[in-house]
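Below is the file input_16.tsv, which contains TSV, C-alpha atoms.
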chain	number	residue	atom	x	y	z
A	1	MET	CA	8.68	4.66	8.91
A	2	VAL	CA	9.65	0.98	9.03
A	3	ALA	CA	8.60	-1.51	6.37
A	4	GLU	CA	7.21	-4.80	7.63
A	5	GLY	CA	7.84	-7.95	5.62
A	6	LEU	CA	4.78	-9.73	4.28
A	7	TYR	CA	6.58	-12.47	2.39
A	8	HIS	CA	9.64	-12.71	0.11
A	9	ARG	CA	10.12	-9.31	-1.57
A	10	ALA	CA	6.75	-8.02	-0.32
A	11	TYR	CA	6.37	-5.32	2.33
A	12	THR	CA	3.82	-3.11	4.04
A	13	ALA	CA	4.03	0.18	5.94
A	14	HIS	CA	1.70	2.80	7.39
A	15	LEU	CA	2.03	6.54	7.14
A	16	GLY	CA	1.45	8.52	10.31
A	17	ASN	CA	-1.96	9.63	9.02
A	18	GLY	CA	-3.15	6.03	8.64
A	19	LEU	CA	-2.64	5.40	4.91
A	20	ARG	CA	-1.37	1.88	4.21
A	21	ILE	CA	1.30	1.07	1.62
A	22	LEU	CA	1.99	-2.34	0.08
A	23	ILE	CA	4.85	-3.21	-2.24
A	24	GLU	CA	5.85	-6.35	-4.11
A	25	GLU	CA	9.31	-6.15	-5.66
A	26	ASN	CA	9.91	-7.94	-8.96
A	27	PRO	CA	13.53	-7.33	-10.01
A	28	GLN	CA	13.08	-9.21	-13.30
A	29	SER	CA	10.44	-6.74	-14.45
A	30	ARG	CA	11.01	-3.47	-16.30
A	31	SER	CA	7.65	-1.92	-15.45
A	32	VAL	CA	5.59	-0.86	-12.45
A	33	SER	CA	1.89	-1.12	-11.66
A	34	ILE	CA	0.72	1.19	-8.91
A	35	GLY	CA	-2.69	2.23	-7.65
A	36	THR	CA	-4.59	4.01	-4.94
A	37	TRP	CA	-7.64	2.29	-3.48
A	38	ILE	CA	-10.33	4.16	-1.56
A	39	ALA	CA	-12.87	2.32	0.58
A	40	VAL	CA	-15.90	3.93	-1.03
A	41	GLY	CA	-18.19	2.57	-3.71
A	42	SER	CA	-21.76	2.63	-4.93
A	43	ARG	CA	-23.08	1.11	-1.70
A	44	ASP	CA	-21.87	4.27	0.07
A	45	ASP	CA	-23.88	6.62	-2.16
A	46	SER	CA	-26.89	8.37	-0.69
A	47	THR	CA	-30.38	7.43	-1.80
A	48	THR	CA	-30.78	10.90	-3.33
A	49	ASN	CA	-27.55	10.76	-5.34
A	50	PRO	CA	-26.93	7.18	-6.50
A	51	GLY	CA	-23.86	6.97	-8.73
A	52	LEU	CA	-21.89	9.69	-6.92
A	53	ALA	CA	-18.84	7.51	-6.21
A	54	HIS	CA	-18.58	6.68	-9.91
A	55	PHE	CA	-19.22	10.30	-10.93
A	56	ILE	CA	-16.34	11.52	-8.74
A	57	GLU	CA	-14.04	8.96	-10.35
A	58	HIS	CA	-14.88	10.52	-13.73
A	59	LEU	CA	-14.57	14.10	-12.52
A	60	ALA	CA	-11.05	13.59	-11.12
A	61	PHE	CA	-9.75	13.20	-14.69
A	62	LYS	CA	-11.35	16.50	-15.76
A	63	GLY	CA	-8.77	18.49	-13.86
A	64	THR	CA	-7.03	18.99	-10.52
A	65	ALA	CA	-5.72	21.95	-8.59
A	66	THR	CA	-2.54	21.94	-10.70
A	67	ARG	CA	-3.38	20.14	-13.97
A	68	ASP	CA	-6.15	20.28	-16.52
A	69	ALA	CA	-7.33	17.16	-18.38
A	70	ALA	CA	-4.92	17.69	-21.26
A	71	GLN	CA	-1.94	18.04	-18.91
A	72	ILE	CA	-2.93	14.82	-17.13
A	73	SER	CA	-3.02	12.98	-20.45
A	74	ARG	CA	0.28	14.42	-21.64
A	75	ALA	CA	2.00	13.60	-18.35
A	76	ILE	CA	1.17	9.89	-18.50
A	77	ASP	CA	1.91	9.75	-22.24
A	78	SER	CA	5.29	11.37	-21.64
A	79	VAL	CA	6.45	8.27	-19.75
A	80	GLY	CA	4.75	5.80	-22.09
A	81	GLY	CA	2.25	4.66	-19.49
A	82	SER	CA	-1.48	4.30	-19.01
A	83	LEU	CA	-3.74	5.77	-16.35
A	84	ASN	CA	-7.25	4.65	-15.47
A	85	ALA	CA	-9.77	4.16	-12.68
A	86	ALA	CA	-12.69	1.95	-11.74
A	87	THR	CA	-15.56	2.11	-9.29
A	88	GLY	CA	-17.12	-0.94	-7.67
A	89	ARG	CA	-19.76	-1.52	-5.07
A	90	GLU	CA	-17.30	-1.25	-2.16
A	91	SER	CA	-14.22	0.58	-3.44
A	92	THR	CA	-12.77	2.93	-6.03
A	93	VAL	CA	-9.29	2.52	-7.51
A	94	PHE	CA	-7.08	4.86	-9.55
A	95	TYR	CA	-4.18	2.98	-11.14
A	96	ALA	CA	-1.28	3.35	-13.55
A	97	ASP	CA	1.01	1.04	-15.52
A	98	VAL	CA	4.34	2.60	-16.46
A	99	PRO	CA	7.92	1.71	-17.39
A	100	ALA	CA	10.04	1.61	-14.25
A	101	ASP	CA	11.46	5.11	-14.76
A	102	GLY	CA	7.93	6.55	-14.88
A	103	MET	CA	6.91	5.58	-11.34
A	104	SER	CA	7.49	9.03	-9.87
A	105	THR	CA	5.28	10.61	-12.53
A	106	ALA	CA	2.60	7.98	-11.97
A	107	LEU	CA	2.59	8.70	-8.23
A	108	ASP	CA	2.38	12.44	-8.87
A	109	LEU	CA	-0.68	11.92	-11.03
A	110	LEU	CA	-2.37	9.45	-8.69
A	111	ALA	CA	-1.92	11.76	-5.71
A	112	ASP	CA	-3.24	14.70	-7.72
A	113	LEU	CA	-6.31	12.83	-8.96
A	114	VAL	CA	-7.17	11.36	-5.58
A	115	LEU	CA	-6.37	14.27	-3.29
A	116	HIS	CA	-6.85	17.43	-5.37
A	117	PRO	CA	-9.66	17.14	-7.94
A	118	ALA	CA	-10.82	20.62	-8.94
A	119	PHE	CA	-14.55	19.88	-9.41
A	120	ALA	CA	-14.91	22.94	-11.62
A	121	SER	CA	-18.55	23.79	-12.33
A	122	GLU	CA	-18.21	23.76	-16.11
A	123	LYS	CA	-16.39	20.41	-16.04
A	124	ILE	CA	-19.08	18.89	-13.80
A	125	ASP	CA	-21.73	19.76	-16.36
A	126	LEU	CA	-19.62	18.41	-19.24
A	127	GLU	CA	-18.94	15.10	-17.50
A	128	ARG	CA	-22.53	14.87	-16.31
A	129	THR	CA	-23.49	14.52	-19.98
A	130	VAL	CA	-20.86	11.81	-20.49
A	131	VAL	CA	-22.03	9.76	-17.51
A	132	LEU	CA	-25.66	10.11	-18.53
A	133	ASP	CA	-24.69	8.69	-21.92
A	134	GLU	CA	-22.89	5.82	-20.15
A	135	ILE	CA	-26.10	5.11	-18.20
A	136	ARG	CA	-28.12	5.10	-21.42
A	137	GLY	CA	-25.68	2.61	-22.92
A	138	HIS	CA	-26.03	0.42	-19.84
A	139	GLN	CA	-29.81	0.57	-20.08
A	140	ASP	CA	-29.61	-0.51	-23.73
A	141	ASP	CA	-27.78	-3.70	-22.70
A	142	PRO	CA	-30.39	-6.37	-21.89
A	143	GLU	CA	-28.00	-8.60	-19.94
A	144	ALA	CA	-26.72	-5.67	-17.83
A	145	MET	CA	-30.27	-4.60	-17.01
A	146	ALA	CA	-31.27	-8.16	-16.19
A	147	PHE	CA	-28.37	-8.42	-13.78
A	148	ASP	CA	-29.42	-5.17	-12.11
A	149	GLN	CA	-32.92	-6.55	-11.60
A	150	PHE	CA	-31.51	-9.78	-10.16
A	151	ILE	CA	-29.24	-7.91	-7.71
A	152	ALA	CA	-32.12	-5.69	-6.60
A	153	ALA	CA	-34.28	-8.75	-6.04
A	154	VAL	CA	-31.71	-10.78	-4.13
A	155	TRP	CA	-30.67	-7.93	-1.77
A	156	GLY	CA	-33.87	-5.89	-1.89
A	157	ASP	CA	-34.46	-2.56	-3.59
A	158	ASP	CA	-33.77	-0.70	-0.37
A	159	HIS	CA	-30.26	-2.10	0.26
A	160	PRO	CA	-27.27	-0.09	-1.03
A	161	LEU	CA	-25.65	-3.18	-2.61
A	162	SER	CA	-28.59	-3.36	-5.01
A	163	ARG	CA	-27.73	0.00	-6.60
A	164	PRO	CA	-26.22	0.09	-10.09
A	165	VAL	CA	-22.65	1.41	-9.85
A	166	LEU	CA	-23.39	4.00	-12.55
A	167	GLY	CA	-26.32	5.40	-10.60
A	168	THR	CA	-29.54	6.69	-12.12
A	169	LYS	CA	-30.34	9.35	-14.67
A	170	ARG	CA	-32.25	11.38	-12.09
A	171	GLY	CA	-29.49	11.09	-9.49
A	172	ILE	CA	-26.74	12.30	-11.83
A	173	GLU	CA	-28.88	15.09	-13.31
A	174	SER	CA	-29.69	16.49	-9.87
A	175	VAL	CA	-26.39	16.14	-7.98
A	176	ALA	CA	-25.07	19.50	-6.79
A	177	GLU	CA	-21.47	20.73	-6.76
A	178	SER	CA	-21.58	20.98	-2.95
A	179	SER	CA	-22.67	17.34	-2.64
A	180	ILE	CA	-19.72	16.26	-4.78
A	181	SER	CA	-17.20	18.15	-2.66
A	182	ASP	CA	-18.74	16.95	0.60
A	183	TYR	CA	-18.72	13.33	-0.55
A	184	HIS	CA	-15.08	13.55	-1.57
A	185	GLN	CA	-14.03	15.18	1.69
A	186	ARG	CA	-15.91	12.63	3.75
A	187	ASN	CA	-14.58	9.52	2.02
A	188	TYR	CA	-11.19	10.30	0.49
A	189	ARG	CA	-9.35	10.17	3.82
A	190	PRO	CA	-5.96	8.49	4.44
A	191	THR	CA	-7.44	5.99	6.90
A	192	ARG	CA	-9.69	4.81	4.05
A	193	MET	CA	-6.89	4.57	1.47
A	194	VAL	CA	-4.33	2.00	0.35
A	195	VAL	CA	-1.46	2.49	-2.11
A	196	ALA	CA	-0.12	-0.72	-3.66
A	197	ALA	CA	2.74	-1.17	-6.14
A	198	ALA	CA	4.27	-4.17	-7.88
A	199	GLY	CA	7.10	-4.57	-10.36
A	200	ALA	CA	10.52	-3.00	-10.79
A	201	VAL	CA	10.40	-1.10	-7.51
A	202	ASP	CA	12.36	-0.77	-4.31
A	203	ALA	CA	10.18	-0.87	-1.21
A	204	GLU	CA	11.93	1.92	0.67
A	205	THR	CA	11.80	4.19	-2.36
A	206	VAL	CA	8.09	3.60	-2.83
A	207	ILE	CA	7.38	4.25	0.85
A	208	SER	CA	9.39	7.46	0.76
A	209	GLN	CA	7.72	8.73	-2.42
A	210	VAL	CA	4.22	7.85	-1.24
A	211	GLY	CA	4.94	9.58	2.07
A	212	ALA	CA	6.07	12.73	0.27
A	213	ARG	CA	2.82	12.92	-1.68
A	214	PHE	CA	0.22	11.56	0.74
A	215	GLY	CA	1.81	12.06	4.16
A	216	ALA	CA	0.66	15.63	4.69
A	217	VAL	CA	-3.02	14.78	4.32
A	218	ALA	CA	-4.74	15.40	7.66
A	219	THR	CA	-5.98	12.45	9.68
A	220	GLU	CA	-9.19	14.32	10.46
A	221	GLN	CA	-12.14	11.95	10.58
A	222	VAL	CA	-15.33	13.12	8.93
A	223	ALA	CA	-18.51	11.42	10.09
A	224	GLY	CA	-20.03	9.12	7.53
A	225	GLY	CA	-22.79	6.55	7.34
A	226	GLU	CA	-22.23	3.01	8.58
A	227	ARG	CA	-22.71	0.14	6.17
A	228	ALA	CA	-25.67	-2.13	6.84
A	229	ALA	CA	-25.05	-5.82	6.17
A	230	PRO	CA	-27.12	-7.22	3.29
A	231	GLN	CA	-29.90	-9.73	3.94
A	232	PHE	CA	-30.27	-12.49	1.35
A	233	ARG	CA	-33.79	-12.95	-0.03
A	234	SER	CA	-34.95	-16.46	-0.87
A	235	GLU	CA	-37.71	-15.90	-3.40
A	236	ARG	CA	-38.72	-16.48	-7.01
A	237	ASN	CA	-39.32	-13.60	-9.41
A	238	HIS	CA	-39.97	-13.10	-13.09
A	239	TYR	CA	-39.58	-9.66	-14.67
A	240	HIS	CA	-41.13	-9.14	-18.07
A	241	ARG	CA	-38.90	-7.57	-20.72
A	242	THR	CA	-39.30	-7.78	-24.48
A	243	THR	CA	-35.89	-9.28	-25.24
A	244	GLY	CA	-34.57	-11.99	-27.55
A	245	GLN	CA	-33.23	-13.99	-24.60
A	246	THR	CA	-34.45	-14.90	-21.16
A	247	HIS	CA	-31.81	-14.32	-18.49
A	248	ILE	CA	-31.87	-16.85	-15.67
A	249	TYR	CA	-30.22	-16.27	-12.29
A	250	LEU	CA	-30.07	-18.70	-9.40
A	251	ALA	CA	-28.38	-17.64	-6.17
A	252	LEU	CA	-27.50	-18.92	-2.74
A	253	PRO	CA	-25.87	-17.07	0.17
A	254	GLY	CA	-22.10	-17.02	-0.22
A	255	PRO	CA	-19.07	-16.22	1.92
A	256	ALA	CA	-17.85	-12.76	2.82
A	257	THR	CA	-14.42	-11.61	1.66
A	258	GLY	CA	-12.40	-13.05	4.51
A	259	ASP	CA	-14.34	-16.28	5.06
A	260	PRO	CA	-11.95	-19.23	5.56
A	261	ASP	CA	-14.24	-21.47	3.48
A	262	ARG	CA	-13.70	-19.37	0.37
A	263	TYR	CA	-10.97	-21.65	-1.03
A	264	ALA	CA	-13.13	-24.76	-0.80
A	265	LEU	CA	-16.15	-22.97	-2.27
A	266	GLU	CA	-14.05	-21.70	-5.20
A	267	VAL	CA	-13.12	-25.31	-5.94
A	268	VAL	CA	-16.78	-26.32	-5.82
A	269	ASN	CA	-17.77	-23.36	-7.99
A	270	VAL	CA	-15.21	-24.27	-10.67
A	271	LEU	CA	-16.38	-27.86	-10.94
A	272	LEU	CA	-20.00	-26.69	-10.98
A	273	GLY	CA	-19.91	-23.86	-13.49
A	274	ASP	CA	-16.56	-22.18	-14.20
A	275	GLY	CA	-14.99	-23.49	-17.39
A	276	THR	CA	-15.69	-25.91	-20.21
A	277	SER	CA	-15.11	-28.95	-17.98
A	278	SER	CA	-17.75	-27.83	-15.49
A	279	ARG	CA	-21.01	-29.66	-14.85
A	280	LEU	CA	-23.19	-26.77	-15.97
A	281	PHE	CA	-21.33	-26.25	-19.24
A	282	ARG	CA	-21.56	-29.93	-20.12
A	283	ALA	CA	-25.18	-30.38	-19.04
A	284	VAL	CA	-26.62	-27.21	-20.56
A	285	ARG	CA	-24.43	-26.46	-23.57
A	286	GLU	CA	-22.41	-29.48	-24.62
A	287	ASP	CA	-24.90	-32.30	-24.02
A	288	ARG	CA	-28.16	-30.50	-24.82
A	289	GLY	CA	-27.26	-27.32	-26.74
A	290	LEU	CA	-29.72	-25.25	-24.71
A	291	ALA	CA	-27.65	-22.08	-24.23
A	292	TYR	CA	-24.50	-20.34	-25.38
A	293	SER	CA	-23.73	-18.62	-22.06
A	294	VAL	CA	-23.92	-20.63	-18.83
A	295	GLY	CA	-21.82	-20.68	-15.69
A	296	SER	CA	-21.46	-19.84	-12.03
A	297	THR	CA	-19.45	-17.44	-9.90
A	298	VAL	CA	-18.86	-16.45	-6.29
A	299	MET	CA	-19.33	-12.76	-5.43
A	300	ARG	CA	-17.80	-11.68	-2.11
A	301	TYR	CA	-18.29	-8.47	-0.15
A	302	THR	CA	-16.95	-7.38	3.22
A	303	ASP	CA	-20.13	-8.42	5.02
A	304	GLY	CA	-21.83	-10.96	2.78
A	305	GLY	CA	-21.71	-12.79	-0.49
A	306	LEU	CA	-23.50	-14.64	-3.27
A	307	TRP	CA	-23.01	-17.91	-5.06
A	308	MET	CA	-24.65	-17.26	-8.42
A	309	LEU	CA	-25.58	-19.39	-11.43
A	310	TYR	CA	-26.49	-17.78	-14.75
A	311	ALA	CA	-27.75	-18.84	-18.16
A	312	GLY	CA	-29.06	-16.88	-21.12
A	313	THR	CA	-31.33	-18.81	-23.47
A	314	SER	CA	-34.28	-18.51	-25.83
A	315	PRO	CA	-37.59	-17.79	-24.05
A	316	LYS	CA	-39.15	-21.08	-25.13
A	317	LEU	CA	-36.27	-23.02	-23.56
A	318	ALA	CA	-36.07	-20.94	-20.37
A	319	PRO	CA	-38.23	-23.19	-18.15
A	320	GLN	CA	-36.22	-26.23	-19.21
A	321	VAL	CA	-32.89	-24.50	-18.57
A	322	ARG	CA	-34.01	-23.12	-15.22
A	323	ASP	CA	-35.14	-26.57	-14.09
A	324	LEU	CA	-31.89	-28.09	-15.30
A	325	LEU	CA	-29.84	-25.59	-13.30
A	326	GLU	CA	-31.84	-26.46	-10.20
A	327	ARG	CA	-31.36	-30.20	-10.85
A	328	GLU	CA	-27.62	-29.72	-11.14
A	329	LEU	CA	-27.58	-28.06	-7.73
A	330	VAL	CA	-29.54	-30.97	-6.25
A	331	SER	CA	-27.17	-33.42	-7.93
A	332	LEU	CA	-24.16	-31.59	-6.51
A	333	ARG	CA	-25.58	-31.96	-3.02
A	334	GLU	CA	-26.68	-35.57	-3.42
A	335	GLN	CA	-23.66	-36.81	-5.41
A	336	ALA	CA	-20.52	-35.32	-3.93
A	337	PRO	CA	-17.69	-34.63	-6.39
A	338	ASP	CA	-15.11	-37.38	-6.57
A	339	GLU	CA	-11.36	-36.96	-6.16
A	340	ALA	CA	-10.73	-36.68	-9.90
A	341	GLU	CA	-13.29	-33.90	-10.32
A	342	ILE	CA	-11.88	-32.01	-7.34
A	343	ALA	CA	-8.32	-32.38	-8.63
A	344	LEU	CA	-9.35	-31.01	-12.04
A	345	ALA	CA	-10.99	-27.97	-10.47
A	346	LYS	CA	-7.96	-27.31	-8.29
A	347	ALA	CA	-5.66	-27.60	-11.32
A	348	ARG	CA	-7.73	-24.98	-13.16
A	349	LEU	CA	-7.63	-22.58	-10.20
A	350	ARG	CA	-3.90	-23.16	-9.71
A	351	GLY	CA	-3.18	-22.40	-13.36
A	352	LEU	CA	-5.32	-19.27	-13.44
A	353	PHE	CA	-3.61	-17.95	-10.32
A	354	ILE	CA	-0.09	-18.64	-11.61
A	355	LEU	CA	-0.85	-17.02	-14.97
A	356	GLY	CA	-2.32	-14.02	-13.19
A	357	MET	CA	0.83	-13.59	-11.12
A	358	GLU	CA	2.80	-13.08	-14.34
A	359	SER	CA	1.26	-9.58	-14.48
A	360	ASN	CA	2.43	-6.72	-12.24
A	361	ALA	CA	-1.04	-5.22	-12.56
A	362	ASN	CA	-2.63	-8.38	-11.15
A	363	ARG	CA	-0.10	-8.51	-8.33
A	364	ALA	CA	-0.78	-4.90	-7.34
A	365	MET	CA	-4.53	-5.47	-7.67
A	366	ARG	CA	-4.34	-8.52	-5.42
A	367	LEU	CA	-2.55	-6.54	-2.71
A	368	GLY	CA	-4.71	-3.44	-2.93
A	369	THR	CA	-8.02	-5.27	-3.05
A	370	ALA	CA	-7.13	-7.49	-0.10
A	371	ALA	CA	-5.99	-4.54	2.01
A	372	ILE	CA	-8.97	-2.31	1.27
A	373	THR	CA	-11.43	-5.08	2.14
A	374	GLY	CA	-9.57	-6.16	5.28
A	375	ARG	CA	-8.61	-9.60	3.99
A	376	GLU	CA	-5.37	-11.18	5.15
A	377	ILE	CA	-2.56	-11.17	2.58
A	378	HIS	CA	-0.75	-14.43	1.88
A	379	ALA	CA	2.29	-15.11	-0.25
A	380	PRO	CA	1.49	-16.62	-3.66
A	381	ASP	CA	2.96	-19.95	-2.56
A	382	GLN	CA	0.75	-19.86	0.54
A	383	VAL	CA	-2.31	-19.29	-1.63
A	384	LEU	CA	-1.37	-22.27	-3.78
A	385	ALA	CA	-0.75	-24.38	-0.69
A	386	ARG	CA	-4.16	-23.49	0.75
A	387	LEU	CA	-5.78	-24.35	-2.54
A	388	GLU	CA	-3.94	-27.66	-2.75
A	389	ALA	CA	-4.95	-28.46	0.85
A	390	VAL	CA	-8.67	-28.39	-0.01
A	391	SER	CA	-9.85	-31.95	0.62
A	392	SER	CA	-12.92	-33.93	-0.35
A	393	SER	CA	-14.20	-33.47	3.20
A	394	ASP	CA	-13.75	-29.69	2.84
A	395	VAL	CA	-15.70	-29.80	-0.41
A	396	LYS	CA	-18.49	-31.79	1.21
A	397	ALA	CA	-18.61	-29.37	4.15
A	398	VAL	CA	-18.98	-26.23	2.02
A	399	ILE	CA	-21.62	-27.88	-0.14
A	400	GLU	CA	-23.59	-28.66	3.01
A	401	ARG	CA	-23.01	-25.14	4.32
A	402	PHE	CA	-23.87	-23.10	1.24
A	403	LEU	CA	-26.03	-25.35	-0.93
A	404	GLN	CA	-29.27	-25.15	1.02
A	405	PRO	CA	-32.18	-25.68	-1.42
A	406	GLU	CA	-34.67	-23.97	0.88
A	407	ARG	CA	-32.66	-20.75	0.57
A	408	LEU	CA	-32.50	-20.75	-3.23
A	409	HIS	CA	-33.25	-17.48	-5.00
A	410	VAL	CA	-34.44	-17.52	-8.62
A	411	THR	CA	-34.85	-14.48	-10.87
A	412	THR	CA	-35.71	-14.67	-14.56
A	413	VAL	CA	-35.85	-11.65	-16.87
A	414	GLY	CA	-37.36	-11.75	-20.35
A	415	PRO	CA	-40.62	-12.53	-22.15
A	416	ASP	CA	-43.31	-14.28	-20.13
A	417	LEU	CA	-42.47	-17.92	-19.35

Would you write out, as structure tokens, the structure that this file holds?
Amino acid sequence: MVAEGLYHRAYTAHLGNGLRILIEENPQSRSVSIGTWIAVGSRDDSTTNPGLAHFIEHLAFKGTATRDAAQISRAIDSVGGSLNAATGRESTVFYADVPADGMSTALDLLADLVLHPAFASEKIDLERTVVLDEIRGHQDDPEAMAFDQFIAAVWGDDHPLSRPVLGTKRGIESVAESSISDYHQRNYRPTRMVVAAAGAVDAETVISQVGARFGAVATEQVAGGERAAPQFRSERNHYHRTTGQTHIYLALPGPATGDPDRYALEVVNVLLGDGTSSRLFRAVREDRGLAYSVGSTVMRYTDGGLWMLYAGTSPKLAPQVRDLLERELVSLREQAPDEAEIALAKARLRGLFILGMESNANRAMRLGTAAITGREIHAPDQVLARLEAVSSSDVKAVIERFLQPERLHVTTVGPDL
């Protein structure tokens, strides 16, 4: 197969079965970060078995067709590396960080975990207990539970994006071995996979080694459910919980993963609530001392997104903080950021991106995440150029587009206001 150049020292290729490979060479490095992304997450779980994508991620490490859990651990330790996985709402990733001479071992393990999990009955029951304990820990975390209630309110209880990634106690307790195998077979297909590597690698070598391990997987398509786009809900909710803090969430519709306005909105988000120079941090924490945790973030999915503000504060101050967050949004719309404020936000984003690119893991993650969500992949210098090109008129346009007060969603979780 022929590698196609993406940018300097970065390449992509496709196996005959549809699996995509991305490589970023870094000759100055002495390590490699490599991962396998699968386009399946908690939003793809069935209503009867929420948490199945995450459960399968756990079960893969309990043993494969050729290795038990102890052998998996010893194999990665033998090359001085680390091996892990994570499940999100739209994808699952298995990844490894190893010294350069451990790449072949890392690929062996990744292919084994992704393609050949054993799903042995006794291991399913053992790991079921572990995941149920993880769910209990999540439920003991007031902020995590408040976020779950906010997400369910903003997307609606019936939309798959509202599901907790971990699933539910009932769903994990009742999932059958056959459902696990069927889910894996349906979703872990080469056309739904991406392998990305960054560091002390040679592109042709990576392509050859990935092909040797993943190339024989059949291209057979197994019918699966289509994703339904989320519908943003503009409403106000309060959920009573006996907690020491009240958790306040404000949200507006945001851009999807590939939206061209995402650069400009990231600039606006930074000056609004990301960092100690932001408007929210100064107004809520520095000037008034009303909360320890306050900020904003942009959450992007393949078919929708959120622009979210958050603050955690004492119940007696919650109405004041909520109103202040809303006033800051109104102020942002009525008093456009000036050139100095925009330049400061862009400088913060530029620095965070450059520092992130010092890590092979972040470079591989950038490639894999972009590919699995269908986003175009730009060279680091192109990303910086696009960020620098954000103008005051771009900032004004995205504020007008996304900051629509009539569409504001507000969820508070805590004692009665």

### Message
When you count only C-alpha atoms, which of these residues is closest to Leu367 (chain A): A:His14, A:Gly88, A:Thr36, A:Ala218?
### Response
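Among the listed residues, A:Thr36 lies closest to Leu367 (chain A).
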
### Task
Give me the residues within 10 Å of Arg89 (chain A) as a PyMOL selection string, counting only C-alpha atoms and dropping any in the same chain fewer than 2 places off.
chain A and resi 39-45+53-54+87+91-92+160-166+301

Save the residues we just selected, C-alpha atoms, as a PDB file, keeping the file's coordinate frame?
ATOM      1  CA  ALA A  39     -12.870   2.320   0.580  1.00  0.00           C
ATOM      2  CA  VAL A  40     -15.900   3.930  -1.030  1.00  0.00           C
ATOM      3  CA  GLY A  41     -18.190   2.570  -3.710  1.00  0.00           C
ATOM      4  CA  SER A  42     -21.760   2.630  -4.930  1.00  0.00           C
ATOM      5  CA  ARG A  43     -23.080   1.110  -1.700  1.00  0.00           C
ATOM      6  CA  ASP A  44     -21.870   4.270   0.070  1.00  0.00           C
ATOM      7  CA  ASP A  45     -23.880   6.620  -2.160  1.00  0.00           C
ATOM      8  CA  ALA A  53     -18.840   7.510  -6.210  1.00  0.00           C
ATOM      9  CA  HIS A  54     -18.580   6.680  -9.910  1.00  0.00           C
ATOM     10  CA  THR A  87     -15.560   2.110  -9.290  1.00  0.00           C
ATOM     11  CA  SER A  91     -14.220   0.580  -3.440  1.00  0.00           C
ATOM     12  CA  THR A  92     -12.770   2.930  -6.030  1.00  0.00           C
ATOM     13  CA  PRO A 160     -27.270  -0.090  -1.030  1.00  0.00           C
ATOM     14  CA  LEU A 161     -25.650  -3.180  -2.610  1.00  0.00           C
ATOM     15  CA  SER A 162     -28.590  -3.360  -5.010  1.00  0.00           C
ATOM     16  CA  ARG A 163     -27.730   0.000  -6.600  1.00  0.00           C
ATOM     17  CA  PRO A 164     -26.220   0.090 -10.090  1.00  0.00           C
ATOM     18  CA  VAL A 165     -22.650   1.410  -9.850  1.00  0.00           C
ATOM     19  CA  LEU A 166     -23.390   4.000 -12.550  1.00  0.00           C
ATOM     20  CA  TYR A 301     -18.290  -8.470  -0.150  1.00  0.00           C
TER      21      TYR A 301
END

### Message
Need the shell around Arg333 (chain A): protein/DNA/RNA residues with any atom at most 10 Å away, counting all atoms listed in the file. Skip same-chain ones fewer than 6 positions apart. Format as a list in words?
### Response
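Once the adjacent positions are removed, what remains is Arg327, Lys396, Ile399, Glu400, Phe402, Leu403, Gln404 and Pro405 of chain A.
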
### Query
Quick one: of A:Glu376, A:Glu326, A:Glu286, A:Glu24, who's nearest to Val206 (chain A), counting all atoms listed in the file?
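Residue with the minimum atom-to-atom distance to Val206 (chain A): A:Glu24.
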
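Nearest to Glu358 (chain A) of all the residues A:Ile72, A:Ala198, A:Tyr11, A:Leu250 is A:Ala198, counting all atoms listed in the file.
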
### Message
If we count only C-alpha atoms and set the cut-off at 9 Å, which residues sit around Ala96 (chain A), ignoring sequence neighbours fewer than 3 positions away in its own chain? Please answer as a PyMOL selection string.
### Response
chain A and resi 32-35+76+81-85+103+106-107+109-110+361

What does the file look like for those residues with C-alpha atoms, as an mmCIF file, keeping the file's coordinate frame?
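As written to disk, again-v2.cif reads:
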data_model
loop_
_atom_site.group_PDB
_atom_site.id
_atom_site.type_symbol
_atom_site.label_atom_id
_atom_site.label_comp_id
_atom_site.auth_asym_id
_atom_site.auth_seq_id
_atom_site.Cartn_x
_atom_site.Cartn_y
_atom_site.Cartn_z
ATOM 1 C CA VAL A 32 5.590 -0.860 -12.450
ATOM 2 C CA SER A 33 1.890 -1.120 -11.660
ATOM 3 C CA ILE A 34 0.720 1.190 -8.910
ATOM 4 C CA GLY A 35 -2.690 2.230 -7.650
ATOM 5 C CA ILE A 76 1.170 9.890 -18.500
ATOM 6 C CA GLY A 81 2.250 4.660 -19.490
ATOM 7 C CA SER A 82 -1.480 4.300 -19.010
ATOM 8 C CA LEU A 83 -3.740 5.770 -16.350
ATOM 9 C CA ASN A 84 -7.250 4.650 -15.470
ATOM 10 C CA ALA A 85 -9.770 4.160 -12.680
ATOM 11 C CA MET A 103 6.910 5.580 -11.340
ATOM 12 C CA ALA A 106 2.600 7.980 -11.970
ATOM 13 C CA LEU A 107 2.590 8.700 -8.230
ATOM 14 C CA LEU A 109 -0.680 11.920 -11.030
ATOM 15 C CA LEU A 110 -2.370 9.450 -8.690
ATOM 16 C CA ALA A 361 -1.040 -5.220 -12.560
#
